[in-house]
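To be precise, the following lines are structure-v3.tsv, and they hold TSV, C-alpha atoms.
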chain	number	residue	atom	x	y	z
C	1	MET	CA	97.31	75.99	73.15
C	2	ALA	CA	94.29	75.12	75.24
C	3	LEU	CA	95.01	77.88	77.73
C	4	PHE	CA	91.39	78.57	78.53
C	5	GLY	CA	89.70	75.21	78.76
C	6	THR	CA	88.79	73.93	75.33
C	7	ARG	CA	89.41	77.27	73.62
C	8	SER	CA	92.71	78.23	72.07
C	9	LEU	CA	93.98	81.77	72.57
C	10	ARG	CA	93.80	82.46	68.85
C	11	SER	CA	90.14	81.52	68.65
C	12	LEU	CA	89.49	84.01	71.46
C	13	PHE	CA	91.27	86.86	69.67
C	14	THR	CA	89.40	86.25	66.41
C	15	HIS	CA	86.05	85.87	68.19
C	16	PRO	CA	83.70	88.83	67.40
C	17	GLY	CA	83.33	89.38	71.17
C	18	PHE	CA	86.99	90.42	71.37
C	19	ALA	CA	86.51	93.29	68.90
C	20	GLU	CA	83.28	94.23	70.66
C	21	GLY	CA	85.21	94.48	73.93
C	22	VAL	CA	87.87	96.69	72.34
C	23	ARG	CA	85.19	99.04	70.98
C	24	ALA	CA	83.41	99.12	74.34
C	25	ILE	CA	86.53	100.20	76.26
C	26	ALA	CA	87.87	102.69	73.68
C	27	GLY	CA	86.16	105.74	75.26
C	28	PRO	CA	86.90	104.94	78.91
C	29	ALA	CA	90.49	104.08	77.88
C	30	LEU	CA	90.97	107.84	77.36
C	31	GLY	CA	90.82	108.07	81.14
C	32	THR	CA	93.29	105.19	81.47
C	33	VAL	CA	95.66	106.99	79.10
C	34	ALA	CA	95.36	110.23	81.06
C	35	LEU	CA	96.02	108.52	84.39
C	36	GLY	CA	98.88	106.52	82.87
C	37	LEU	CA	100.49	109.76	81.69
C	38	VAL	CA	100.06	111.39	85.11
C	39	THR	CA	101.53	108.36	86.85
C	40	GLY	CA	104.39	108.06	84.36
C	41	VAL	CA	105.33	111.73	84.79
C	42	ALA	CA	105.28	111.38	88.60
C	43	MET	CA	107.46	108.27	88.40
C	44	ALA	CA	109.96	109.90	86.07
C	45	ARG	CA	110.29	112.99	88.28
C	46	SER	CA	110.75	110.93	91.46
C	47	GLY	CA	114.46	110.47	90.89
C	48	LEU	CA	114.26	106.70	91.34
C	49	PRO	CA	116.60	104.67	89.10
C	50	MET	CA	115.16	104.12	85.61
C	51	GLY	CA	115.05	100.33	86.06
C	52	ALA	CA	112.88	100.67	89.15
C	53	VAL	CA	110.64	103.26	87.47
C	54	LEU	CA	110.03	100.95	84.51
C	55	ALA	CA	109.47	97.87	86.68
C	56	MET	CA	106.97	99.71	88.86
C	57	SER	CA	105.01	101.02	85.86
C	58	LEU	CA	104.94	97.68	84.08
C	59	LEU	CA	104.28	95.43	87.08
C	60	VAL	CA	102.22	97.32	89.65
C	61	PHE	CA	99.57	98.43	87.11
C	62	ALA	CA	97.56	100.49	89.62
C	63	SER	CA	97.65	104.30	89.54
C	64	ALA	CA	96.39	104.80	93.10
C	65	SER	CA	99.01	102.47	94.62
C	66	GLN	CA	101.79	104.00	92.58
C	67	LEU	CA	100.90	107.66	93.18
C	68	ALA	CA	100.29	107.22	96.91
C	69	CYS	CA	103.22	104.91	97.67
C	70	LEU	CA	105.84	106.71	95.61
C	71	PRO	CA	106.42	109.50	98.18
C	72	MET	CA	106.48	106.89	100.96
C	73	ILE	CA	109.13	104.87	99.14
C	74	LEU	CA	111.18	108.03	98.57
C	75	ALA	CA	110.88	108.95	102.24
C	76	GLY	CA	112.11	105.49	103.26
C	77	ALA	CA	108.86	104.45	104.96
C	78	PRO	CA	108.83	100.90	106.42
C	79	LEU	CA	107.65	98.22	104.01
C	80	TRP	CA	104.60	97.26	106.08
C	81	VAL	CA	103.31	100.85	106.02
C	82	ILE	CA	103.68	100.98	102.25
C	83	VAL	CA	101.94	97.64	101.77
C	84	LEU	CA	99.14	98.52	104.21
C	85	THR	CA	98.48	101.78	102.36
C	86	ALA	CA	98.33	99.99	99.01
C	87	LEU	CA	96.01	97.35	100.49
C	88	MET	CA	93.58	99.98	101.76
C	89	LEU	CA	93.59	101.80	98.42
C	90	ASN	CA	92.72	98.54	96.68
C	91	VAL	CA	90.06	97.15	99.02
C	92	ARG	CA	87.30	97.89	96.50
C	93	PHE	CA	88.87	95.28	94.24
C	94	VAL	CA	88.22	92.63	96.92
C	95	VAL	CA	84.49	93.29	96.46
C	96	PHE	CA	84.92	93.17	92.68
C	97	SER	CA	86.78	89.84	92.91
C	98	ALA	CA	83.80	88.24	94.72
C	99	HIS	CA	81.79	89.25	91.65
C	100	TRP	CA	84.38	87.90	89.18
C	101	ARG	CA	84.27	84.53	90.91
C	102	ARG	CA	80.77	83.96	89.47
C	103	TYR	CA	82.08	84.38	85.94
C	104	PHE	CA	85.52	82.81	85.99
C	105	GLY	CA	85.26	80.31	88.85
C	106	LEU	CA	85.44	77.38	86.43
C	107	LEU	CA	88.80	78.31	84.90
C	108	PRO	CA	92.07	76.88	86.32
C	109	ARG	CA	93.54	78.95	89.13
C	110	PRO	CA	96.53	80.52	87.28
C	111	GLN	CA	94.20	81.78	84.54
C	112	ARG	CA	91.76	83.11	87.14
C	113	LEU	CA	94.54	85.14	88.74
C	114	GLY	CA	95.84	86.35	85.38
C	115	LEU	CA	92.41	87.67	84.46
C	116	ALA	CA	92.02	89.27	87.89
C	117	TYR	CA	95.34	91.09	87.48
C	118	LEU	CA	94.07	92.71	84.27
C	119	ALA	CA	90.70	93.66	85.74
C	120	GLY	CA	90.99	97.36	86.59
C	121	ASP	CA	88.00	99.62	87.26
C	122	PRO	CA	86.87	100.37	83.67
C	123	VAL	CA	87.16	96.69	82.72
C	124	TYR	CA	85.00	95.67	85.67
C	125	VAL	CA	82.32	98.28	85.00
C	126	ARG	CA	82.04	97.63	81.26
C	127	PHE	CA	82.03	93.86	81.69
C	128	MET	CA	79.25	93.85	84.28
C	129	GLN	CA	77.14	96.16	82.09
C	130	ARG	CA	77.45	93.82	79.13
C	131	TYR	CA	77.13	90.55	81.05
C	132	PRO	CA	74.81	90.85	84.06
C	133	ARG	CA	74.92	87.03	84.00
C	134	ARG	CA	77.47	84.44	82.98
C	135	ALA	CA	77.32	83.69	79.24
C	136	PRO	CA	79.30	81.56	76.76
C	137	ASP	CA	81.00	84.46	74.95
C	138	GLN	CA	82.09	86.38	78.04
C	139	LEU	CA	85.80	85.48	77.92
C	140	ALA	CA	86.52	86.91	74.46
C	141	TYR	CA	84.72	90.14	75.43
C	142	PHE	CA	86.68	90.29	78.69
C	143	LEU	CA	90.01	89.89	76.91
C	144	GLY	CA	89.07	92.62	74.40
C	145	LEU	CA	88.34	95.02	77.25
C	146	ALA	CA	91.22	94.00	79.48
C	147	LEU	CA	94.06	93.74	76.96
C	148	PHE	CA	93.17	97.04	75.26
C	149	ASN	CA	92.96	98.76	78.64
C	150	TRP	CA	96.26	97.19	79.75
C	151	ALA	CA	97.99	98.25	76.52
C	152	ALA	CA	96.61	101.80	76.82
C	153	TRP	CA	97.97	101.97	80.38
C	154	GLN	CA	101.43	100.67	79.46
C	155	VAL	CA	101.86	102.91	76.40
C	156	ALA	CA	100.66	105.97	78.34
C	157	SER	CA	102.91	105.19	81.35
C	158	LEU	CA	105.96	104.81	79.12
C	159	ALA	CA	105.04	108.02	77.27
C	160	GLY	CA	104.69	109.81	80.63
C	161	ILE	CA	108.07	108.51	81.81
C	162	PHE	CA	110.01	109.40	78.68
C	163	LEU	CA	108.17	112.62	77.72
C	164	ALA	CA	107.75	113.94	81.28
C	165	ASP	CA	109.19	117.36	80.47
C	166	ALA	CA	107.21	117.79	77.26
C	167	ILE	CA	103.76	117.40	78.84
C	168	PRO	CA	102.24	120.77	79.81
C	169	PRO	CA	100.88	120.71	83.39
C	170	ASP	CA	97.74	122.64	82.37
C	171	TRP	CA	96.37	119.71	80.36
C	172	ASP	CA	94.62	118.73	83.56
C	173	LEU	CA	95.08	115.02	82.85
C	174	ARG	CA	93.74	113.92	86.22
C	175	PHE	CA	90.36	115.45	85.49
C	176	ILE	CA	90.17	113.52	82.21
C	177	GLY	CA	90.28	110.42	84.43
C	178	VAL	CA	87.27	111.80	86.32
C	179	LEU	CA	85.39	112.44	83.04
C	180	ALA	CA	86.01	108.82	82.03
C	181	LEU	CA	84.59	107.55	85.34
C	182	LEU	CA	81.59	109.87	84.93
C	183	GLY	CA	81.02	108.47	81.44
C	184	LEU	CA	81.08	104.94	82.85
C	185	ALA	CA	78.65	105.80	85.64
C	186	MET	CA	75.89	107.65	83.75
C	187	PRO	CA	74.43	104.70	81.77
C	188	MET	CA	74.21	102.62	84.95
C	189	ILE	CA	71.69	104.98	86.57
C	190	ALA	CA	68.59	103.50	84.99
C	191	ASP	CA	65.99	102.59	87.60
C	192	ARG	CA	64.92	103.52	91.09
C	193	PRO	CA	67.30	101.22	93.01
C	194	SER	CA	70.26	102.47	90.97
C	195	TRP	CA	69.33	106.12	91.64
C	196	LEU	CA	69.32	105.29	95.35
C	197	VAL	CA	72.68	103.49	95.06
C	198	ALA	CA	74.16	106.48	93.21
C	199	ALA	CA	72.80	108.99	95.73
C	200	VAL	CA	73.98	107.05	98.80
C	201	ALA	CA	77.44	106.35	97.35
C	202	GLY	CA	77.87	109.93	96.14
C	203	ALA	CA	76.79	111.39	99.49
C	204	ILE	CA	79.18	109.21	101.50
C	205	GLY	CA	81.99	109.87	99.02
C	206	TRP	CA	81.39	113.59	99.48
C	207	MET	CA	81.18	113.51	103.28
C	208	GLY	CA	84.21	111.27	103.68
C	209	GLN	CA	86.58	113.38	101.60
C	210	GLY	CA	89.14	113.83	104.35
C	211	TRP	CA	89.25	110.16	105.34
C	212	PRO	CA	92.59	108.36	105.06
C	213	PHE	CA	93.37	105.73	102.40
C	214	GLY	CA	90.18	106.43	100.45
C	215	LEU	CA	88.21	104.58	103.13
C	216	GLN	CA	85.13	106.60	102.14
C	217	VAL	CA	84.98	104.59	98.91
C	218	ILE	CA	84.72	101.34	100.88
C	219	ALA	CA	82.09	102.80	103.21
C	220	ALA	CA	80.17	104.12	100.19
C	221	ILE	CA	80.20	100.74	98.43
C	222	ALA	CA	79.01	98.89	101.55
C	223	ALA	CA	76.22	101.37	102.34
C	224	ALA	CA	75.10	101.66	98.71
C	225	MET	CA	75.00	97.87	98.28
C	226	ALA	CA	72.84	97.56	101.40
C	227	ALA	CA	70.59	100.39	100.14
C	228	GLY	CA	70.25	98.77	96.71
C	229	HIS	CA	69.43	95.43	98.31
C	230	TRP	CA	66.76	97.12	100.45
C	231	ALA	CA	65.23	98.98	97.49
C	232	GLU	CA	64.94	95.79	95.48
C	233	ARG	CA	63.35	93.84	98.30
C	234	ARG	CA	60.72	96.56	98.68
C	235	ARG	CA	59.89	96.48	94.98
C	236	PRO	CA	60.77	93.00	93.74
C	237	ARG	CA	61.84	92.80	90.11
C	238	ILE	CA	60.58	90.16	87.74
C	239	ALA	CA	62.22	86.82	88.54
C	240	THR	CA	65.93	87.57	88.79
C	241	PRO	CA	67.64	84.26	89.62
R	242	MET	CA	116.14	103.39	100.92
R	243	THR	CA	118.58	100.86	99.55
R	244	ASP	CA	118.20	99.21	96.16
R	245	LEU	CA	117.13	95.95	97.78
R	246	HIS	CA	114.39	97.67	99.78
R	247	LEU	CA	113.21	99.49	96.68
R	248	TRP	CA	112.87	96.29	94.68
R	249	ILE	CA	111.14	94.46	97.53
R	250	ALA	CA	108.66	97.36	97.78
R	251	ILE	CA	107.96	97.23	94.02
R	252	LEU	CA	107.36	93.48	94.08
R	253	ALA	CA	105.19	93.84	97.20
R	254	LEU	CA	103.04	96.48	95.47
R	255	ALA	CA	102.63	94.24	92.42
R	256	GLY	CA	101.62	91.45	94.84
R	257	VAL	CA	99.00	93.72	96.40
R	258	THR	CA	97.54	94.38	92.92
R	259	VAL	CA	97.18	90.65	92.17
R	260	LEU	CA	96.00	89.66	95.65
R	261	THR	CA	93.30	92.31	96.08
R	262	ARG	CA	91.94	91.84	92.56
R	263	GLY	CA	92.06	88.04	92.84
R	264	VAL	CA	91.37	87.22	96.49
R	265	PHE	CA	87.99	85.54	95.84
R	266	LEU	CA	89.43	83.75	92.82
R	267	LEU	CA	92.12	82.02	94.89
R	268	PRO	CA	90.19	79.30	96.78
R	269	ARG	CA	89.45	76.07	94.95
R	270	ARG	CA	85.79	76.03	95.98
R	271	GLU	CA	83.48	79.00	95.50
R	272	PRO	CA	83.32	80.91	98.81
R	273	ARG	CA	79.83	81.36	100.29
R	274	LEU	CA	78.76	84.99	100.58
R	275	PRO	CA	76.14	86.46	102.94
R	276	GLY	CA	72.81	87.09	101.14
R	277	TRP	CA	72.86	90.90	101.14
R	278	LEU	CA	76.42	90.89	99.81
R	279	ALA	CA	75.63	88.41	97.03
R	280	SER	CA	72.53	90.29	95.88
R	281	GLY	CA	74.10	93.70	96.40
R	282	LEU	CA	77.13	92.92	94.24
R	283	ARG	CA	75.48	94.13	91.07
R	284	HIS	CA	75.38	97.61	92.60
R	285	ALA	CA	79.09	97.63	93.50
R	286	PRO	CA	80.37	99.07	90.17
R	287	LEU	CA	78.03	102.08	90.26
R	288	ALA	CA	78.68	102.68	93.96
R	289	ALA	CA	82.46	102.68	93.53
R	290	LEU	CA	82.24	105.10	90.59
R	291	MET	CA	79.87	107.54	92.31
R	292	ALA	CA	81.93	107.62	95.51
R	293	VAL	CA	84.88	108.91	93.46
R	294	VAL	CA	83.11	110.99	90.81
R	295	VAL	CA	80.70	113.04	92.97
R	296	PRO	CA	83.31	114.70	95.21
R	297	GLU	CA	85.64	115.34	92.25
R	298	VAL	CA	82.88	116.92	90.17
R	299	LEU	CA	81.43	118.98	93.03
R	300	ARG	CA	84.77	120.17	94.38
R	301	GLY	CA	86.82	120.33	91.19
R	302	SER	CA	84.24	121.69	88.78
R	303	ALA	CA	81.13	123.03	90.49
R	304	GLY	CA	83.27	124.64	93.21
R	305	ALA	CA	85.54	126.17	90.62
R	306	ALA	CA	82.57	127.45	88.64
R	307	VAL	CA	81.22	129.20	91.72
R	308	ALA	CA	84.64	130.70	92.41
R	309	SER	CA	85.70	131.69	88.89
R	310	GLY	CA	82.49	131.84	86.83
R	311	TRP	CA	80.48	129.51	84.60
R	312	HIS	CA	83.22	129.41	81.97
R	313	ASP	CA	85.46	127.23	84.17
R	314	PRO	CA	86.86	124.53	81.80
R	315	ARG	CA	86.19	121.61	84.17
R	316	TRP	CA	82.64	122.71	84.79
R	317	LEU	CA	81.97	123.12	81.06
R	318	ALA	CA	83.56	119.72	80.32
R	319	VAL	CA	81.23	118.03	82.83
R	320	ALA	CA	78.21	119.96	81.50
R	321	VAL	CA	78.98	119.03	77.87
R	322	SER	CA	79.56	115.39	78.85
R	323	VAL	CA	76.24	115.12	80.72
R	324	ALA	CA	74.35	116.97	77.95
R	325	TRP	CA	75.79	114.64	75.32
R	326	PHE	CA	74.73	111.62	77.35
R	327	TRP	CA	71.21	113.04	77.64
R	328	TRP	CA	71.07	113.50	73.88
R	329	ARG	CA	72.85	110.46	72.44
R	330	ARG	CA	73.40	107.99	75.33
R	331	GLY	CA	76.39	105.63	75.19
R	332	VAL	CA	79.72	105.59	77.02
R	333	THR	CA	82.34	106.61	74.46
R	334	GLY	CA	80.58	109.78	73.20
R	335	PRO	CA	80.28	111.60	76.54
R	336	VAL	CA	83.89	110.79	77.49
R	337	VAL	CA	85.26	111.94	74.15
R	338	VAL	CA	83.31	115.23	73.96
R	339	GLY	CA	84.00	115.98	77.64
R	340	THR	CA	87.74	115.40	77.18
R	341	ALA	CA	87.79	117.41	73.94
R	342	THR	CA	86.01	120.31	75.67
R	343	LEU	CA	88.48	120.28	78.56
R	344	LEU	CA	91.61	120.10	76.37
R	345	LEU	CA	90.28	122.70	73.92
R	346	LEU	CA	89.41	125.23	76.62
R	347	ARG	CA	92.72	124.62	78.41
R	348	GLY	CA	94.49	125.01	75.08
R	349	LEU	CA	92.72	128.33	74.54
R	350	GLY	CA	94.15	129.37	77.87
R	351	MET	CA	91.03	129.48	80.01
R	352	ALA	CA	92.19	129.37	83.60
R	353	GLY	CA	90.38	127.25	86.14
Final structure tokens representation of the file:
Amino acid sequence: MALFGTRSLRSLFTHPGFAEGVRAIAGPALGTVALGLVTGVAMARSGLPMGAVLAMSLLVFASASQLACLPMILAGAPLWVIVLTALMLNVRFVVFSAHWRRYFGLLPRPQRLGLAYLAGDPVYVRFMQRYPRRAPDQLAYFLGLALFNWAAWQVASLAGIFLADAIPPDWDLRFIGVLALLGLAMPMIADRPSWLVAAVAGAIGWMGQGWPFGLQVIAAIAAAMAAGHWAERRRPRIATP
Amino acid sequence: MTDLHLWIAILALAGVTVLTRGVFLLPRREPRLPGWLASGLRHAPLAALMAVVVPEVLRGSAGAAVASGWHDPRWLAVAVSVAWFWWRRGVTGPVVVGTATLLLLRGLGMAG
């Protein structure tokens, strides 16, 4: 099957980049597992029919959307309010997708969208660390990251749904998600522009804590990108194309 | 909420996942981006992470440590994670030791 241009799927799975991707996401996937469990437990306790619970976990594949929209669905909120909330919670992915375009713009459209669907936060962060520029082996590495992360999410969600009563609340699963994000962030703070980006984004994230829909994250990304751009223009790096 | 509404909502949420993650991958031609956005994109991953992590760490762990003492499990988990990164670098190590610290201390019954 020449699903991805000239490459068959099997040659991608056996490519060394695939295993490298799996290894690279293994640590951060702990956070995915923790969030999947939290989300699964919340879904199971919602009282929605089991078919709907399973479909939502398997299809939506986004903890923020699911956790925030679940109470709205239960309360019978209008569809447009639910969709608008989910859109706002996912706006950061719009920025990420502009970045993905540089890497996967040459693939056929259905494949592009399939890859985008799998590209959650840890996948995006790990991929951009490994491939600051487009390279021939990027797709196998991407699939290693993305499929392992997707599988971790699905297994954890199902475990959360079916073992909801057996999971002690004091495991503090949500904070494991935070530890995973912290682990992803630390290696990226390497030079002066990235310290500035981290400081600006962290400060706005802190100040905007009460804002609705996680809008502070969008504001933080926009301001930090502008700050990073400014810092690099002041102190130009060596020939970055 | 009727069954039909429920299923429409689920499909709509799945649609939001695909559309937001893929919006710039939809058009046939590569969309043109303003210069600051194009050159700032490489900072987007770090910015998104810090905007979420900093408030959680300051409120959930540093705040708790001030309120309940340095032995707060979240605070210690963050401290161990950062210390490990300082010592050994990498991504997997800090996440694993931080998570192990948190679960171990919670298992030992340290409140937080």
Selected residue, from R:Gly256, R:Gly276, R:Gly263, R:Pro286, that lies nearest to Val123 of chain C when counting only C-alpha atoms: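 For Val123 of chain C, the nearest of the candidates is R:Pro286.
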Atom CA of Asp121 of chain C sits from atom CA of Ile221 of chain C at a separation of 13.7 Å
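Using all atoms listed in the file, we find that the part of chain R lying within 6 Å of chain C comprises Met242, Ile251, Leu254, Ala255, Val259, Thr261, Arg262, Gly263, Phe265, Leu266, Gly281, His284, Ala285, Pro286, Leu287, Ala288, Ala289, Met291, Ala292, Val295, Pro296, Val332, Thr333, Pro335, Val336 and Thr340 of chain R.
Across the model, the gap from atom CA of Gly350 of chain R to atom CA of Val323 of chain R is 23.1 Å.
Interatomic distance, atom CA of Val338 of chain R to atom CA of Leu317 of chain R: 10.7 Å.
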Segment 200-218 of chain C rebuilt with N, CA, C and O atoms, output as a compact mmCIF listing (two decimals), in the frame of the given file:
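Final output, part.txt:
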# COMPACT_ATOMS: atom_id res chain seq x y z
N VAL C 200 73.34 107.44 97.54
CA VAL C 200 73.98 107.05 98.80
C VAL C 200 75.50 107.06 98.64
O VAL C 200 76.23 107.63 99.46
N ALA C 201 76.00 106.43 97.56
CA ALA C 201 77.44 106.35 97.35
C ALA C 201 78.05 107.74 97.16
O ALA C 201 79.10 108.05 97.72
N GLY C 202 77.36 108.58 96.37
CA GLY C 202 77.87 109.93 96.14
C GLY C 202 77.92 110.74 97.42
O GLY C 202 78.88 111.45 97.69
N ALA C 203 76.85 110.62 98.25
CA ALA C 203 76.79 111.39 99.49
C ALA C 203 77.91 110.97 100.44
O ALA C 203 78.58 111.81 101.04
N ILE C 204 78.13 109.67 100.58
CA ILE C 204 79.18 109.21 101.50
C ILE C 204 80.56 109.57 100.94
O ILE C 204 81.45 109.97 101.69
N GLY C 205 80.72 109.46 99.63
CA GLY C 205 81.99 109.87 99.02
C GLY C 205 82.28 111.33 99.30
O GLY C 205 83.41 111.73 99.58
N TRP C 206 81.23 112.17 99.24
CA TRP C 206 81.39 113.59 99.48
C TRP C 206 81.72 113.88 100.95
O TRP C 206 82.66 114.61 101.25
N MET C 207 80.97 113.23 101.85
CA MET C 207 81.18 113.51 103.28
C MET C 207 82.52 112.98 103.77
O MET C 207 83.10 113.54 104.70
N GLY C 208 83.00 111.89 103.16
CA GLY C 208 84.21 111.27 103.68
C GLY C 208 85.48 111.75 103.00
O GLY C 208 86.49 111.03 103.02
N GLN C 209 85.45 112.94 102.41
CA GLN C 209 86.58 113.38 101.60
C GLN C 209 87.91 113.42 102.33
O GLN C 209 88.95 113.16 101.75
N GLY C 210 87.87 113.73 103.64
CA GLY C 210 89.14 113.83 104.35
C GLY C 210 89.65 112.50 104.89
O GLY C 210 90.73 112.44 105.47
N TRP C 211 88.88 111.43 104.72
CA TRP C 211 89.25 110.16 105.34
C TRP C 211 90.53 109.60 104.74
O TRP C 211 90.80 109.77 103.55
N PRO C 212 91.32 108.91 105.57
CA PRO C 212 92.59 108.36 105.06
C PRO C 212 92.38 107.17 104.14
O PRO C 212 91.34 106.50 104.23
N PHE C 213 93.32 106.91 103.27
CA PHE C 213 93.37 105.73 102.40
C PHE C 213 92.16 105.57 101.49
O PHE C 213 91.87 104.48 101.04
N GLY C 214 91.38 106.62 101.25
CA GLY C 214 90.18 106.43 100.45
C GLY C 214 89.17 105.49 101.08
O GLY C 214 88.40 104.81 100.41
N LEU C 215 89.15 105.46 102.44
CA LEU C 215 88.21 104.58 103.13
C LEU C 215 86.75 104.93 102.82
O LEU C 215 85.87 104.08 102.92
N GLN C 216 86.51 106.21 102.43
CA GLN C 216 85.13 106.60 102.14
C GLN C 216 84.57 105.81 100.96
O GLN C 216 83.37 105.56 100.89
N VAL C 217 85.45 105.37 100.06
CA VAL C 217 84.98 104.59 98.91
C VAL C 217 84.45 103.23 99.39
O VAL C 217 83.41 102.76 98.94
N ILE C 218 85.17 102.62 100.34
CA ILE C 218 84.72 101.34 100.88
C ILE C 218 83.39 101.51 101.61
O ILE C 218 82.44 100.73 101.41
